[in-house]
Amino acid sequence: MAQPFAKKDDDRDEEAEYSPFLGIEKGAVLQEARVFHDPQLDPRRCSQVITKLLYLLNQGETFTKIEATEVFFAVTKLFQSRDIGLRRMVYLMIKEISPSSDEVIMVTSSLMKDMTSRTDVYRANAIRVLCQITDGTLLAQIERYLKQAIVDKNPVVASAALVSGIHILQTNPEIVKRWSNEVQEAVQSRAALVQFHALALLHQIRQNDRLAVSKLVTSLTRGTVRSPLAQCLLVRYASQVIRESANNFQTGERPFYDYLESCLRHKAEMVILEAARAITELSGVTNRELTPAITVLQLFLSSSKPVLRFAAVRTLNKVAMTHPMAVTNCNIDMESLISDQNRSIATLAITTLLKTGNESSVDRLMKQITNFMSDIADEFKIVVVEAIRSLCMKFPLKYRSLMNFLSNILREEGGFEYKKAIVDSIVILIRDIQEAKEIGLLHLCEFIEDCEFTYLSTQILHFLGNEGPKTSDPSKFIRYIYNRVHLENATVRACAVSTLAKFGATVDSLKPRIIVLLRRCLFDSDDEVRDRATLYLNTLGADGSVAETDNAVKEFLFDSLDIPLVNLETSLRNYEPSDQPFDINSVPKEIKAQPLAEKKAPGKKPIGLGAPPTAPSAAVDAYDRLLSSIPEFASYGVLFKSSAPVELTEAETEYAVNVVKHIFDHHVVFQYNCTNTIPEQLLENVTVVVDASEAEEFSEVASKPLKSLPYDSPGQTFVAFEKPDGVPAGKFSNVLKFIVKEVDPTSGEAEEDGVEDEYQLEDLEVVAADYMQKVGVSNFRNAWESMGPEFERVDEYGLGPRESLAEAVSAVIDLLGMQPCEGTEAVPSNSRSHTCLLSGVFIRNAKVLVRLSFGISGQNEVAMKLAVRSEDENVSDTIHEIVASG
Amino acid sequence: MLLAVLFANSEGNILVERFNGVPAEERLHWRSFLVKLGAENLKGAKNEELLVACHKSVYIVYTVLGDVSIYVVGKDEYDELALSEVIFVITSAVKDVCVKPPTERLFLDKYGKICLCLDEIVWKGYLENTDKERIKRLIRLKPPVDF
């Protein structure tokens with residue numbers, strides 16, 4: 001056996017010996033680069049050394065600043081050589097080193113000479129190098145040459161200048177924008193690539209000018225476009241114009257549709273696919289428009305080229321989300337793709353089929369997928385699992401076969417993400433399909449018998465504790481749960497104890513037996529497990545009688561905390577040990593919306609877990625402490641809500657002021673945060689004079705001036721208003737008043753005498769949403785049902801013509817200031833109706849749930865049905881009043 | 001934007017690696033992702049047979065040529081179709097320089113020329129030249145004949 005292995009190693013050694021870069025080492029190559037300084041240059045040798053340097057750089061090796069400078073200076077010497085091959089290498093090398101701006105000067109004269117050379121290819125290369133290494137100032141000097149180069153008759157020179165233009169546009173747009181005329185001329189070039197590059201650049205220059213882009217597209221769709229690449233760009237730009245002019249073409253022919261349709265008959269496959277894709281993505285595309293595109297895509301499904309198959313199935317997959325019926329014709333071709341060698345294509349085919357298949361084809365499809373699952377990677381499997389989940393929601397009657405499939409794959413090998421996707425899917429199915437509950441829970445129980453992931457075991461145990469007791473025979477789950485107490489790690493054991501307690505609390509007949517099991521847990525080796533067992537034994541009543549469990553205990557066991565955990569954590573951290581016990585009601589319930597920037601992951605690939613989100617309640621907590629420390633406001637009671645700061649000044653003004661609205665039961669406090677941005681001034685006795693004549697229900701009761709506001713050190717002044725019950729709204733106009741004193745810039749001391757002055761601020765509004773806290777619920781349906789219909793109020797409203805359904809939905813959410821639940825704030829494009837679920841806590845701590853059903857007509861008239869449930873009937877009525885008057 | 005062009009040998013060692021607009025800290029991740037993708041799928045693939053994959057909004061087209069596997073990665077306008085055009089130009093140029101589908105040794109022997117070809121084909125994330133005859137002349141600083 002040892003023989004062949006040894007032989008293989010020998011082979012490898014032999015091969016390695018021949019590698020021209022064997023044992024290459026940066027230091028040695030840098031030494032070799034000294035040949036560039038030789039008075040008698042050896043072009044061949046120099047080229048070899050450059051190749052070695054390139055090899056190092058392409059392997060990810062980096063040069064230190066000093067090394068790079070040395071190499072750069074040495075390479076510039078090579079401009080003396082007349083050897084053409086070497087010169088080409090020198091151009092590349094300079095680009096690779098990217099010298100720093102103070103070194104660039106060494107080569108600019110040589111490059112500028114080359115740029116005006118009679119030899120075309122010298123010009124092209126010099127342009128590329130110069131544009132890569134120069135900054136704005138030098139660009140201005142060479143701009144004239146670049147403009148000439150764009151219209152050069154040699155396509156290589158023109159392309160070099162145009163692609164340079166695309167790069168320079170990122171850093172010095174104002175320079176490139178001056179080249180419009182030349183680029184326009186280049187768009188008409190007879191050279192295919194020049195036209196392609198010119199079109200890309202021209203579009204980038206004019207991208208913010210809709211009319212210009214529209215003109216460009218109109219003229220080119222009528223003219224000749226020589227390269228398929230340019231044609232693809234044109235198709236994209238045309239569909240952009242269609243998209244942007246969508247509102248103006250409600251009726252009649254869609255502009256450029258004929259052009260797109262004609263591209264479906266283009267000789268280049270690339271163009272055909274691009275056009276088909278553009279047609280499928282048209283907003284509000286009709287079946288008549290869609291058919292020719294789907295037909296060509298169907299043909300590509302059986303192409304011999306994998307890229308075309310992939311492109312076609314990827315496009316059809318997208319179409320299936322919005323127009324599943326249009327894609328059904330392709331189902332037969334798609335089924336044959338399940339066995340495609342390329343697994344990306346197979347996965348896309350399967351997920352498309354799952355979206356377009358009908359109820360009768362489900363079983364056949366599942367059989368095919370089962371074979372397929374064994375030989376694809378986890379990331380593809382997750383996509384399939386998600387598709388199966390949506391299929392099951394579409395055809396609930398098929399839950400049995402789909403649930404069986406999920407439980408089968410749950411037993412197979414797989415990583416955490418994959419298993420989590422399956423468990424999540426089963427949980428969702430159990431939640432939404434009543435009949436699937438028992439069988440689904442049993443599948444999960446079997447899974448935790450042999451589950452290597454603590455996170456999943458605890459998640460399932462928690463879920464089991466909530467759902468298991470509601471089944472017809474809860475006792476059958478106990479064995480699985482109690483096994484965990486013996487066989488698992490402490491985290492899972494503790495969780496199993498909680499689950500047992502939930503069964504004991506809900507199912508009275510099981511209670512005595514559960515108590516016996518819990519007693520055994522008192523001897524566990526882990527503190528947390530013992531603590532939990534003790535706690536539950538006490539709450540359940542350890543006498544073991546078959547008595548009904550107290551409601552308070554059930555609430556304690558089952559009700560969620562209703563407080564965001566981060567808020568609780570912050571409050572606990574801020575709590576200082578004293579005689580007064582920690583009051584859980586003092587924890588703010590508000591969920592602060594994440595800033596937009598955090599939500600958008602800028603195309604970054606998820607490599608690891610991101611940084612934990614910052615505590616959202618920190619600010620609310622700080623406000624609470626700040627306000628309660630001010631005697632004037634101490635009697636106002638518990639702070640209900642603090643708004644986000646509203647800017648009352650433009651950016652970069654002398655005095656920057658924003659305001660935070662603090663809402664109490666009977667009061668509103670405006671906290672004006674002021675910053676003085678003038679170093680030569682000191683402001684004293686700063687107040688805000690508020691005119692509340694447009695907010696008649698509010699009456700000013702207190703004002704707390706700011707004694708001194710030095711430069712760049714923010715301070716606050718407050719004004720408090722009394723308000724009646726209900727949700728009074730109004731507009732407040734504000735003037736900042738102060739005494740200004742000059743400050744001596746050398747000594748930093750202020751003059752004794754000051755001058756009174758004032759500064760007009762923007763108006764401020766108190767609106768209905770200010771009286772609502774954004775508090776989410778984890779399961780809207782459960783919350784809705786447990787709230788009961790007692791104080792339900794339902795009414796219908798016409799919202800008039802709206803830009804879109806999404807716009808109407810977000811306007812109502814903003815008006816009410818409530819927390820959207822379960823992602824229902826997102827409206828799928830093209831949908832004509834939408835349901836949005838909101839939850840919140842209204843002033844005086846009344847929980848409110850809102851169900852909004854929207855519909856949009858052909859003329860964009862939006863109608864809305866509003867159903868409100870609340871703990872207080874007045875609150876339900878108030879929500880309707882807010883909507884009616886909004 | 002063409003995010004990356006990468007060449008690796010049959011054992012997954014990198015021969016050429018050129019990134020555009022990819023942050024330095026993500027490059028290593030991309031490298032291992034691509035090499036793994038190749039190891040899983042390129043076994044038994046024919047020369048120049050294209051394989052394709054996508055990850056979120058990023059597309060990858062890859063192939064094998066002799067002992068060398070080639071990967072191109074793009075996003076936005078460089079979708080799978082544009083990338084297949086790019087990889088076609090790259091494979092033709094490499095074949096042209098090496099005269100045949102290269103062994104690793106042959107590839108390394110022609111390393112300098114291959115770098116020059118890549119420089120003509122892709123410049124900072126944009127496709128510049130597509131015609132192999134023209135590229136062949138340009139890397140020797142000869143003007144193109146077709147205009």
# chains A, B, ... in the order shown; residues from 1 in each chain; ligands from 1
$ interface_residues --of "chain B" --to "chain A" --cutoff "7 Å" --atoms "only C-alpha atoms" --output "CSV table (one decimal) with all heavy atoms, in the first residue's frame"
chain,number,residue,atom,x,y,z
B,14,ILE,N,-3.8,29.2,-5.3
B,14,ILE,CA,-4.1,30.4,-6.1
B,14,ILE,C,-2.9,30.7,-7.0
B,14,ILE,O,-1.8,30.7,-6.6
B,14,ILE,CB,-4.4,31.6,-5.3
B,14,ILE,CG1,-5.5,31.4,-4.3
B,14,ILE,CG2,-4.7,32.8,-6.1
B,14,ILE,CD1,-6.8,31.0,-4.9
B,15,LEU,N,-3.3,30.9,-8.3
B,15,LEU,CA,-2.2,31.3,-9.3
B,15,LEU,C,-2.3,32.8,-9.6
B,15,LEU,O,-1.3,33.5,-9.6
B,15,LEU,CB,-2.4,30.4,-10.5
B,15,LEU,CG,-2.3,28.9,-10.4
B,15,LEU,CD1,-2.6,28.2,-11.7
B,15,LEU,CD2,-0.9,28.5,-9.9
B,16,VAL,N,-3.5,33.2,-9.8
B,16,VAL,CA,-3.7,34.6,-10.0
B,16,VAL,C,-5.0,35.0,-9.3
B,16,VAL,O,-6.0,34.3,-9.3
B,16,VAL,CB,-4.0,35.0,-11.5
B,16,VAL,CG1,-4.2,36.5,-11.7
B,16,VAL,CG2,-2.8,34.5,-12.4
B,17,GLU,N,-4.9,36.2,-8.7
B,17,GLU,CA,-6.1,36.6,-7.9
B,17,GLU,C,-6.2,38.1,-8.1
B,17,GLU,O,-5.3,38.9,-7.7
B,17,GLU,CB,-5.8,36.3,-6.4
B,17,GLU,CG,-6.9,36.7,-5.5
B,17,GLU,CD,-6.5,36.3,-4.0
B,17,GLU,OE1,-5.7,37.0,-3.4
B,17,GLU,OE2,-7.0,35.3,-3.6
B,18,ARG,N,-7.3,38.6,-8.7
B,18,ARG,CA,-7.4,40.0,-8.9
B,18,ARG,C,-8.8,40.4,-8.5
B,18,ARG,O,-9.8,39.9,-9.0
B,18,ARG,CB,-7.2,40.4,-10.4
B,18,ARG,CG,-5.9,40.0,-10.9
B,18,ARG,CD,-5.8,40.3,-12.4
B,18,ARG,NE,-5.7,41.7,-12.6
B,18,ARG,CZ,-4.5,42.4,-12.6
B,18,ARG,NH1,-3.4,41.8,-12.4
B,18,ARG,NH2,-4.5,43.7,-12.8
B,50,LEU,N,-18.9,25.5,-18.8
B,50,LEU,CA,-19.2,26.6,-17.8
B,50,LEU,C,-20.1,26.1,-16.7
B,50,LEU,O,-21.0,25.4,-16.9
B,50,LEU,CB,-19.8,27.8,-18.5
B,50,LEU,CG,-19.0,28.6,-19.5
B,50,LEU,CD1,-19.7,29.9,-19.9
B,50,LEU,CD2,-17.7,28.9,-19.0
B,51,LEU,N,-19.7,26.5,-15.5
B,51,LEU,CA,-20.6,26.2,-14.4
B,51,LEU,C,-21.0,27.6,-13.8
B,51,LEU,O,-20.3,28.6,-13.9
B,51,LEU,CB,-19.9,25.4,-13.3
B,51,LEU,CG,-19.9,23.9,-13.7
B,51,LEU,CD1,-18.6,23.6,-14.4
B,51,LEU,CD2,-20.0,23.1,-12.5
B,52,VAL,N,-22.2,27.6,-13.2
B,52,VAL,CA,-22.7,28.9,-12.7
B,52,VAL,C,-23.3,28.8,-11.3
B,52,VAL,O,-23.8,27.7,-11.0
B,52,VAL,CB,-23.6,29.5,-13.8
B,52,VAL,CG1,-24.8,28.5,-14.0
B,52,VAL,CG2,-24.2,30.8,-13.4
B,53,ALA,N,-23.2,29.8,-10.6
B,53,ALA,CA,-23.8,29.8,-9.2
B,53,ALA,C,-24.1,31.2,-8.9
B,53,ALA,O,-23.6,32.2,-9.5
B,53,ALA,CB,-22.8,29.2,-8.2
B,80,GLU,N,-24.7,36.5,-14.8
B,80,GLU,CA,-24.2,35.3,-15.4
B,80,GLU,C,-23.9,35.4,-16.9
B,80,GLU,O,-23.0,34.8,-17.4
B,80,GLU,CB,-25.1,34.1,-15.0
B,80,GLU,CG,-26.5,34.1,-15.7
B,80,GLU,CD,-27.5,34.9,-14.9
B,80,GLU,OE1,-27.1,35.8,-14.2
B,80,GLU,OE2,-28.7,34.6,-15.0
B,81,LEU,N,-24.7,36.2,-17.6
B,81,LEU,CA,-24.6,36.2,-19.1
B,81,LEU,C,-23.3,37.0,-19.4
B,81,LEU,O,-22.5,36.6,-20.2
B,81,LEU,CB,-25.8,36.9,-19.7
B,81,LEU,CG,-27.1,36.1,-19.5
B,81,LEU,CD1,-28.3,36.9,-19.8
B,81,LEU,CD2,-27.0,34.8,-20.3
B,105,ARG,N,2.4,24.0,-15.1
B,105,ARG,CA,3.7,24.4,-15.5
B,105,ARG,C,3.7,25.4,-16.6
B,105,ARG,O,4.3,26.4,-16.6
B,105,ARG,CB,4.5,23.1,-15.8
B,105,ARG,CG,5.8,23.4,-16.5
B,105,ARG,CD,6.8,24.0,-15.6
B,105,ARG,NE,7.7,24.9,-16.3
B,105,ARG,CZ,9.0,24.6,-16.6
B,105,ARG,NH1,9.5,23.6,-16.0
B,105,ARG,NH2,9.7,25.5,-17.3
B,108,LEU,N,2.4,28.7,-15.7
B,108,LEU,CA,3.3,29.5,-14.9
B,108,LEU,C,4.4,30.1,-15.9
B,108,LEU,O,4.9,31.2,-15.7
B,108,LEU,CB,3.9,28.7,-13.8
B,108,LEU,CG,2.9,28.5,-12.6
B,108,LEU,CD1,3.6,27.5,-11.6
B,108,LEU,CD2,2.5,29.7,-12.0
B,109,ASP,N,4.8,29.2,-16.9
B,109,ASP,CA,5.8,29.7,-17.8
B,109,ASP,C,5.3,30.9,-18.6
B,109,ASP,O,6.1,31.8,-18.9
B,109,ASP,CB,6.1,28.6,-18.8
B,109,ASP,CG,7.1,27.6,-18.3
B,109,ASP,OD1,7.8,28.0,-17.3
B,109,ASP,OD2,7.3,26.5,-18.9
B,111,TYR,N,3.2,33.1,-17.5
B,111,TYR,CA,2.6,33.9,-16.5
B,111,TYR,C,2.5,35.4,-16.8
B,111,TYR,O,1.5,36.1,-16.8
B,111,TYR,CB,3.3,33.8,-15.1
B,111,TYR,CG,2.5,34.2,-13.9
B,111,TYR,CD1,1.6,33.3,-13.4
B,111,TYR,CD2,2.6,35.5,-13.4
B,111,TYR,CE1,0.8,33.7,-12.3
B,111,TYR,CE2,1.9,35.9,-12.3
B,111,TYR,CZ,1.0,35.0,-11.8
B,111,TYR,OH,0.2,35.4,-10.7
B,112,GLY,N,3.6,35.9,-17.3
B,112,GLY,CA,3.7,37.4,-17.6
B,112,GLY,C,2.7,37.7,-18.7
B,112,GLY,O,2.0,38.7,-18.6
B,139,ILE,N,-0.9,43.0,-26.4
B,139,ILE,CA,0.0,42.7,-25.4
B,139,ILE,C,1.5,42.8,-25.9
B,139,ILE,O,2.4,42.9,-25.2
B,139,ILE,CB,-0.2,41.3,-24.7
B,139,ILE,CG1,0.0,40.2,-25.7
B,139,ILE,CG2,-1.5,41.3,-24.0
B,139,ILE,CD1,0.1,38.8,-25.0
B,140,ARG,N,1.5,42.9,-27.2
B,140,ARG,CA,2.9,43.1,-27.8
B,140,ARG,C,3.0,44.6,-28.3
B,140,ARG,O,3.8,44.9,-29.1
B,140,ARG,CB,3.1,42.1,-29.0
B,140,ARG,CG,3.3,40.7,-28.4
B,140,ARG,CD,3.6,39.7,-29.6
B,140,ARG,NE,2.4,39.6,-30.3
B,140,ARG,CZ,2.4,39.4,-31.7
B,140,ARG,NH1,3.5,39.4,-32.3
B,140,ARG,NH2,1.2,39.2,-32.3
B,141,LEU,N,2.0,45.4,-27.9
B,141,LEU,CA,2.0,46.8,-28.3
B,141,LEU,C,1.9,46.9,-29.8
B,141,LEU,O,2.5,47.9,-30.4
B,141,LEU,CB,3.2,47.6,-27.7
B,141,LEU,CG,3.1,48.0,-26.2
B,141,LEU,CD1,4.3,48.8,-25.8
B,141,LEU,CD2,1.8,48.8,-26.0
B,142,LYS,N,1.2,46.0,-30.4
B,142,LYS,CA,0.9,46.1,-31.9
B,142,LYS,C,-0.5,46.7,-32.0
B,142,LYS,O,-1.4,46.3,-31.3
B,142,LYS,CB,1.0,44.8,-32.5
B,142,LYS,CG,2.4,44.2,-32.5
B,142,LYS,CD,3.1,44.4,-33.8
B,142,LYS,CE,4.6,44.1,-33.8
B,142,LYS,NZ,5.1,43.1,-33.0
B,143,PRO,N,-0.7,47.6,-33.0
B,143,PRO,CA,-2.0,48.1,-33.1
B,143,PRO,C,-3.0,47.1,-33.7
B,143,PRO,O,-2.5,46.2,-34.4
B,143,PRO,CB,-1.8,49.3,-34.2
B,143,PRO,CG,-0.6,48.9,-34.9
B,143,PRO,CD,0.3,48.2,-33.9
$ residues_around --residues "segment 9-13 of chain B" --least-positions-apart "5" --cutoff "7 Å" --atoms "only C-alpha atoms" --output "list in words"
Val35, Asp67, Val68, Ser69 and Glu104 of chain B
$ write_last_selection --atoms "N, CA and C atoms" --output "PDB file, in the first residue's frame"
ATOM      1  N   VAL B  35     -12.722  28.433  -4.130  1.00  0.00           N
ATOM      2  CA  VAL B  35     -11.957  27.201  -4.258  1.00  0.00           C
ATOM      3  C   VAL B  35     -12.810  26.006  -3.826  1.00  0.00           C
ATOM      4  N   ASP B  67      -5.087  22.182 -16.434  1.00  0.00           N
ATOM      5  CA  ASP B  67      -4.929  21.982 -14.988  1.00  0.00           C
ATOM      6  C   ASP B  67      -5.427  23.176 -14.172  1.00  0.00           C
ATOM      7  N   VAL B  68      -5.944  24.156 -14.864  1.00  0.00           N
ATOM      8  CA  VAL B  68      -6.231  25.421 -14.188  1.00  0.00           C
ATOM      9  C   VAL B  68      -7.744  25.644 -14.112  1.00  0.00           C
ATOM     10  N   SER B  69      -8.231  26.041 -12.934  1.00  0.00           N
ATOM     11  CA  SER B  69      -9.640  26.424 -12.874  1.00  0.00           C
ATOM     12  C   SER B  69      -9.739  27.945 -12.816  1.00  0.00           C
ATOM     13  N   GLU B 104      -0.261  23.191 -15.290  1.00  0.00           N
ATOM     14  CA  GLU B 104       0.097  24.249 -14.344  1.00  0.00           C
ATOM     15  C   GLU B 104       1.452  24.850 -14.718  1.00  0.00           C
TER      16      GLU B 104
END
$ residues_around --residues "segment 465-469 of chain A" --least-positions-apart "6" --cutoff "10 Å" --atoms "only C-alpha atoms" --output "VMD selection string"
chain A and resid 430 to 431 437 to 438 441 to 442 475 to 478 481 495 to 507 510 557 to 558
$ write_last_selection --atoms "C-alpha atoms" --output "CSV table (one decimal), in the first residue's frame"
chain,number,residue,atom,x,y,z
A,430,ILE,CA,-48.0,23.7,13.5
A,431,ARG,CA,-49.0,27.2,14.4
A,437,LYS,CA,-50.2,20.1,15.3
A,438,GLU,CA,-50.1,16.6,16.9
A,441,LEU,CA,-45.1,18.0,17.7
A,442,LEU,CA,-44.3,14.3,17.7
A,475,SER,CA,-49.2,12.9,28.6
A,476,LYS,CA,-47.5,11.3,25.6
A,477,PHE,CA,-45.0,14.2,25.4
A,478,ILE,CA,-43.8,13.9,29.0
A,481,ILE,CA,-39.3,16.0,27.8
A,495,CYS,CA,-35.4,24.3,29.7
A,496,ALA,CA,-37.0,20.9,30.1
A,497,VAL,CA,-37.8,21.7,33.7
A,498,SER,CA,-39.7,24.8,32.6
A,499,THR,CA,-41.6,22.8,30.0
A,500,LEU,CA,-42.6,20.2,32.5
A,501,ALA,CA,-43.9,22.9,34.8
A,502,LYS,CA,-46.0,24.3,32.0
A,503,PHE,CA,-47.6,20.9,31.5
A,504,GLY,CA,-48.2,20.7,35.2
A,505,ALA,CA,-49.8,24.1,35.3
A,506,THR,CA,-52.1,23.6,32.3
A,507,VAL,CA,-53.2,19.9,32.6
A,510,LEU,CA,-51.0,15.5,35.1
A,557,LEU,CA,-45.5,30.6,33.3
A,558,PHE,CA,-47.0,31.5,29.9
$ select_by_dssp --residues "chain B" --states "helix (DSSP H, G or I)" --output "ChimeraX atom specification"
/B:24-41,80-98,104-109,111-121,132-138
$ residues_around --residues "Thr63 of chain B" --least-positions-apart "6" --cutoff "8 Å" --atoms "only C-alpha atoms" --output "PyMOL selection string"
chain B and resi 42+45+47-51+69-71
$ write_last_selection --atoms "C-alpha atoms" --output "compact mmCIF listing (two decimals), in the first residue's frame"
# COMPACT_ATOMS: atom_id res chain seq x y z
CA LEU B 42 -15.42 20.95 -11.18
CA ALA B 45 -16.00 18.82 -15.84
CA ASN B 47 -12.48 21.86 -20.58
CA GLU B 48 -14.27 25.20 -20.85
CA GLU B 49 -17.58 23.74 -19.67
CA LEU B 50 -19.17 26.61 -17.82
CA LEU B 51 -20.63 26.23 -14.37
CA SER B 69 -9.64 26.42 -12.87
CA ILE B 70 -10.88 29.91 -13.63
CA TYR B 71 -13.50 31.86 -11.67
$ closest_residue --among "A:Ser262, A:Thr315, A:Ser635, A:Asn830" --to "Pro292 of chain A" --atoms "only C-alpha atoms"
A:Ser262
